[in-house]
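**Student:** Contents of upload34.tsv (TSV, C-alpha atoms) are given next:
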chain	number	residue	atom	x	y	z
A	1258	MET	CA	58.32	6.68	-99.22
A	1259	PRO	CA	57.87	2.90	-99.31
A	1260	PRO	CA	60.88	0.74	-98.32
A	1261	ILE	CA	62.90	-0.75	-101.13
A	1262	PRO	CA	62.18	-4.45	-101.51
A	1263	GLY	CA	65.02	-6.54	-100.09
A	1264	SER	CA	66.56	-3.69	-98.03
A	1265	GLY	CA	66.08	-5.62	-94.77
A	1266	LEU	CA	67.86	-8.61	-96.28
A	1267	ALA	CA	70.74	-6.38	-97.40
A	1268	LYS	CA	71.09	-4.86	-93.89
A	1269	GLY	CA	71.14	-8.32	-92.32
A	1270	LEU	CA	73.78	-9.56	-94.76
A	1271	ALA	CA	75.88	-6.42	-94.05
A	1272	VAL	CA	75.82	-7.21	-90.33
A	1273	THR	CA	76.81	-10.80	-91.06
A	1274	LEU	CA	79.71	-9.74	-93.27
A	1275	ARG	CA	80.97	-7.26	-90.64
A	1276	THR	CA	80.86	-9.96	-87.97
A	1277	MET	CA	82.64	-12.48	-90.19
A	1278	THR	CA	85.62	-10.17	-90.67
A	1279	LYS	CA	86.17	-9.57	-86.93
A	1280	LYS	CA	88.33	-11.80	-84.75
A	1281	THR	CA	86.34	-14.27	-82.64
A	1282	VAL	CA	86.18	-13.65	-78.90
A	1283	THR	CA	85.05	-17.12	-77.91
A	1284	ALA	CA	87.23	-18.48	-75.10
A	1285	GLN	CA	88.10	-22.13	-75.54
A	1286	TYR	CA	87.23	-22.83	-71.88
A	1287	PRO	CA	88.78	-26.13	-70.91
A	1288	ASP	CA	92.06	-25.21	-72.62
A	1289	THR	CA	92.05	-21.52	-71.65
A	1290	GLN	CA	91.09	-20.52	-68.12
A	1291	PRO	CA	88.89	-17.41	-67.93
A	1292	GLU	CA	90.13	-14.22	-66.30
A	1293	LEU	CA	87.72	-13.77	-63.43
A	1294	PRO	CA	86.93	-10.40	-61.87
A	1295	PRO	CA	88.59	-9.89	-58.47
A	1296	ARG	CA	85.35	-10.17	-56.48
A	1297	SER	CA	83.89	-13.17	-58.31
A	1298	ARG	CA	81.87	-15.62	-56.24
A	1299	GLY	CA	82.94	-19.16	-56.86
A	1300	VAL	CA	82.80	-21.26	-53.74
A	1301	ILE	CA	83.01	-20.64	-49.99
A	1302	GLY	CA	86.26	-21.37	-48.17
A	1303	LEU	CA	86.44	-22.12	-44.42
A	1304	PHE	CA	89.24	-20.87	-42.15
A	1305	GLU	CA	88.70	-23.38	-39.35
A	1306	GLU	CA	90.91	-21.68	-36.75
A	1307	ASN	CA	88.61	-18.65	-36.66
A	1308	CYS	CA	85.36	-20.63	-36.34
A	1309	THR	CA	83.90	-20.52	-32.82
A	1310	VAL	CA	80.79	-22.57	-33.69
A	1311	CYS	CA	78.54	-19.60	-32.98
A	1312	MET	CA	76.09	-20.96	-35.62
A	1313	LEU	CA	75.28	-17.50	-37.00
A	1314	CYS	CA	76.02	-18.58	-40.56
A	1315	ALA	CA	73.73	-21.61	-40.31
A	1316	ARG	CA	70.92	-19.61	-38.68
A	1317	GLU	CA	71.05	-16.77	-41.19
A	1318	CYS	CA	71.31	-18.98	-44.29
A	1319	PRO	CA	68.02	-18.59	-46.22
A	1320	ASP	CA	68.49	-22.01	-47.88
A	1321	TRP	CA	69.55	-23.89	-44.73
A	1322	CYS	CA	72.44	-25.44	-46.62
A	1323	ILE	CA	75.08	-25.16	-43.86
A	1324	TYR	CA	75.43	-28.09	-41.47
A	1325	ILE	CA	77.44	-27.66	-38.27
A	1326	ASP	CA	78.06	-30.18	-35.49
A	1327	SER	CA	80.12	-29.50	-32.36
A	1328	HIS	CA	80.78	-30.62	-28.82
A	1329	LYS	CA	81.88	-28.82	-25.65
A	1330	GLU	CA	85.29	-29.32	-24.09
A	1331	THR	CA	86.33	-28.11	-20.65
A	1332	SER	CA	89.78	-26.65	-20.23
A	1333	PRO	CA	91.57	-26.39	-16.87
A	1334	PRO	CA	91.90	-23.01	-15.17
A	1335	ALA	CA	94.68	-20.76	-16.43
A	1336	ALA	CA	95.75	-19.79	-12.90
A	1337	PRO	CA	95.49	-21.63	-9.60
A	1338	GLY	CA	92.17	-20.92	-7.95
A	1339	GLY	CA	90.56	-20.00	-11.28
A	1340	ARG	CA	87.56	-21.66	-12.78
A	1341	GLU	CA	87.36	-24.13	-15.62
A	1342	ARG	CA	86.40	-22.81	-19.05
A	1343	SER	CA	84.27	-24.58	-21.61
A	1344	ARG	CA	84.46	-23.99	-25.33
A	1345	ASN	CA	82.81	-25.37	-28.43
A	1346	VAL	CA	84.89	-27.61	-30.68
A	1347	LEU	CA	83.96	-27.97	-34.34
A	1348	ASP	CA	83.18	-31.55	-35.38
A	1349	ARG	CA	81.52	-31.00	-38.74
A	1350	PHE	CA	81.14	-28.02	-41.05
A	1351	ALA	CA	79.53	-28.78	-44.40
A	1352	ILE	CA	77.89	-26.73	-47.14
A	1353	ASP	CA	75.46	-28.26	-49.63
A	1354	PHE	CA	76.25	-26.40	-52.85
A	1355	SER	CA	73.27	-27.98	-54.60
A	1356	LEU	CA	71.09	-25.80	-52.32
A	1357	CYS	CA	73.36	-22.75	-51.94
A	1358	MET	CA	72.25	-19.66	-53.88
A	1359	TYR	CA	75.59	-17.82	-53.38
A	1360	CYS	CA	73.99	-14.87	-51.62
A	1361	GLY	CA	76.99	-14.42	-49.30
A	1362	ILE	CA	74.92	-13.82	-46.15
A	1363	CYS	CA	76.92	-16.44	-44.24
A	1364	ILE	CA	80.16	-14.63	-45.07
A	1365	GLU	CA	78.75	-11.23	-44.10
A	1366	VAL	CA	77.33	-12.33	-40.72
A	1367	CYS	CA	80.40	-14.30	-39.58
A	1368	PRO	CA	81.81	-12.16	-36.74
A	1369	PHE	CA	85.16	-13.98	-36.67
A	1370	ASP	CA	86.09	-13.98	-40.39
A	1371	ALA	CA	85.95	-17.75	-40.78
A	1372	LEU	CA	84.22	-17.79	-44.21
A	1373	PHE	CA	85.55	-16.28	-47.43
A	1374	TRP	CA	84.71	-16.22	-51.14
A	1375	SER	CA	87.07	-18.24	-53.30
A	1376	PRO	CA	87.12	-17.77	-57.08
A	1377	GLU	CA	87.20	-21.55	-57.63
A	1378	PHE	CA	84.25	-22.63	-59.74
A	1379	GLU	CA	85.20	-26.05	-61.10
A	1380	TYR	CA	83.51	-28.42	-58.68
A	1381	ALA	CA	80.85	-30.07	-60.83
A	1382	GLU	CA	79.89	-33.59	-59.80
A	1383	THR	CA	77.99	-36.40	-61.49
A	1384	ASP	CA	75.97	-37.12	-58.35
A	1385	ILE	CA	74.06	-34.36	-56.54
A	1386	HIS	CA	74.92	-35.91	-53.16
A	1387	GLU	CA	78.61	-35.19	-53.79
A	1388	LEU	CA	77.92	-31.44	-53.86
A	1389	THR	CA	77.81	-31.42	-50.05
A	1390	HIS	CA	81.38	-30.49	-49.23
A	1391	GLU	CA	82.80	-31.15	-45.79
A	1392	ARG	CA	85.27	-28.98	-43.89
A	1393	ASP	CA	88.37	-30.63	-45.42
A	1394	LYS	CA	87.33	-29.57	-48.91
A	1395	LEU	CA	86.23	-26.13	-47.70
A	1396	ARG	CA	89.65	-25.76	-46.04
A	1397	GLU	CA	91.41	-26.58	-49.34
A	1398	TRP	CA	89.52	-23.75	-51.03
A	1399	MET	CA	90.59	-21.33	-48.32
A	1400	TRP	CA	94.09	-21.25	-49.80
A	1401	THR	CA	92.70	-20.04	-53.15
A	1402	VAL	CA	91.12	-16.95	-51.61
A	1403	PRO	CA	92.82	-13.86	-53.07
A	1404	GLU	CA	94.45	-11.21	-50.91
A	1405	PRO	CA	92.14	-8.33	-50.01
A	1406	PRO	CA	92.62	-5.25	-52.17
A	1407	ALA	CA	95.01	-2.61	-50.92
A	1408	LEU	CA	93.56	0.33	-49.06
A	1409	ASP	CA	93.01	3.54	-50.95
A	1410	PRO	CA	96.10	5.74	-50.35
A	1411	GLY	CA	93.87	8.67	-49.36
A	1412	ALA	CA	91.69	6.63	-47.00
A	1413	GLU	CA	91.69	7.11	-43.24
A	1414	GLU	CA	93.71	4.71	-41.17
A	1415	PRO	CA	91.52	2.04	-39.51
A	1416	LYS	CA	90.48	3.06	-36.00
A	1417	GLU	CA	91.99	-0.04	-34.43
A	1418	ILE	CA	95.41	0.65	-35.96
A	1419	ALA	CA	95.23	4.35	-35.09
A	1420	ALA	CA	94.42	3.51	-31.44
A	1421	ALA	CA	97.24	0.96	-31.27
A	1422	ARG	CA	99.69	3.44	-32.83
A	1423	LYS	CA	98.64	6.16	-30.33
A	1424	ALA	CA	99.16	3.79	-27.38
A	1425	ALA	CA	102.55	2.67	-28.75
A	1426	ASP	CA	103.68	6.29	-29.26
A	1427	LYS	CA	102.60	7.17	-25.71
A	1428	LEU	CA	104.49	4.19	-24.28
A	1429	ALA	CA	107.59	5.04	-26.33
A	1430	ALA	CA	107.48	8.65	-25.07
A	1431	GLN	CA	107.23	7.45	-21.44
A	1432	ARG	CA	110.20	5.11	-21.89
A	1433	ALA	CA	112.27	7.85	-23.53
A	1434	GLN	CA	111.48	10.19	-20.62
A	1435	GLU	CA	112.45	7.51	-18.07
A	1436	GLN	CA	115.74	6.87	-19.85
A	1437	GLN	CA	116.47	10.59	-19.97
A	1438	GLU	CA	115.82	10.89	-16.23
A	1439	GLU	CA	118.12	7.94	-15.51
A	1440	GLN	CA	120.92	9.53	-17.52
A	1441	GLU	CA	120.80	12.89	-15.70
A	1442	PRO	CA	123.41	13.24	-12.94
A	1443	ARG	CA	122.08	12.76	-9.42
A	1444	HIS	CA	122.77	16.33	-8.26
A	1445	GLU	CA	120.67	17.74	-11.14
A	1446	ARG	CA	117.77	15.56	-10.04
A	1447	ASP	CA	118.29	16.68	-6.46
A	1448	GLU	CA	118.23	20.34	-7.54
A	1449	LYS	CA	115.00	19.79	-9.45
A	1450	GLY	CA	113.51	18.06	-6.43
A	1451	GLY	CA	114.52	20.88	-4.09
A	1452	THR	CA	117.12	18.98	-2.02
A	1453	SER	CA	120.83	19.79	-1.82
Could you quickly redo this structure as structure tokens?
**Tutor:**
Amino acid sequence: MPPIPGSGLAKGLAVTLRTMTKKTVTAQYPDTQPELPPRSRGVIGLFEENCTVCMLCARECPDWCIYIDSHKETSPPAAPGGRERSRNVLDRFAIDFSLCMYCGICIEVCPFDALFWSPEFEYAETDIHELTHERDKLREWMWTVPEPPALDPGAEEPKEIAAARKAADKLAAQRAQEQQEEQEPRHERDEKGGTS
């Protein structure tokens, strides 16, 4: 059966009329901030205290957009007769967001949890050179990083916490036993020991 002339036009107009009667879902962005998903990738925040200048993030970055400068400082020995220790001190940590592809490799490879995703996304600049953000700006974004999600109630306890709890329980049991032994009268201890 051949199609009725103008049926395509009628279907298109029906779609248009249905859409016109629905409420618009357009978010008026500058006036209304969007609700971002919890794991959205906006910008990278730096927690300076955890950075040991190991350079893993800069080495693993496929775009080579992380710039790190440091120097070594020697600290005196902790105890007399000990040896001096040297450590790296961070001088510069910068990320060029005009090169960054937001892959998150730098965050994944950081062994000391110094880099985090922040949901901040409003950092447009008029000059491309201003998209290289230094550690002060990266530090400001660190405070916008959301709390990690709560653990699943049915999940296993992390191994580190379980080991620490086991050691604490063992120590508490030893202390309780020592206190109990101290509270026993002396002659009962002598009887247990075989002396009279």
**Student:** Expressed in Å to a single decimal, how great is the separation between atom CA of A:Glu1438 and atom CA of A:Ala1420?
**Tutor:**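 Separating atom CA of A:Glu1438 from atom CA of A:Ala1420 is a distance of 27.3 Å.
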**Student:** Using all atoms listed in the file, which of the listed residues (A:Val1310, A:Leu1372, A:Cys1360, A:Leu1388) sits closest to A:Asn1345?
**Tutor:** A:Val1310
**Student:** In Å, with one decimal, what is the gap from atom CA of A:Glu1391 to atom CA of A:Cys1318?
**Tutor:**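 Taking atom CA of A:Glu1391 as the start and atom CA of A:Cys1318 as the end point, the length is 16.8 Å.
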**Student:** For A:Met1399, which residue out of A:Ala1425, A:Ala1371, A:Ile1261, A:Ala1336 is the nearest one, using only C-alpha atoms?
**Tutor:** A:Ala1371
**Student:** Pick from A:Thr1383, A:Thr1276, A:Ser1297, A:Ser1355: nearest to A:Asp1320, with only C-alpha atoms counted?
**Tutor:**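 Among the listed residues, the smallest separation from A:Asp1320 belongs to A:Ser1355.
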**Student:** Just to confirm, what's the straight-line distance from atom CA of A:Glu1404 to atom CA of A:Arg1392 in Å (one decimal)?
**Tutor:**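 Spanning atom CA of A:Glu1404 to atom CA of A:Arg1392 is a straight-line distance of 21.2 Å.
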**Student:** Using only C-alpha atoms, can you tell me which of A:Pro1319, A:Gly1302, A:Pro1333, A:Gly1265 comes closest to A:Trp1400?
**Tutor:** A:Gly1302
**Student:** With distances taken over only C-alpha atoms, which of A:Ile1323, A:Ala1381, A:Leu1293, A:Ala1267 is nearest to A:Cys1357?
**Tutor:**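 Closest residue, counting only C-alpha atoms: A:Ile1323.
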**Student:** As AutoDock Vina command-line options, please report the centre and edge lengths, rounded to one decimal in Å, of the axis-aligned box that holds all listed atoms of stretch 1380-1395 of chain A with 4 Å of padding on each of the six sides.
**Tutor:**
--center_x 81.2 --center_y -31.6 --center_z -52.7 --size_x 22.3 --size_y 19.0 --size_z 25.6
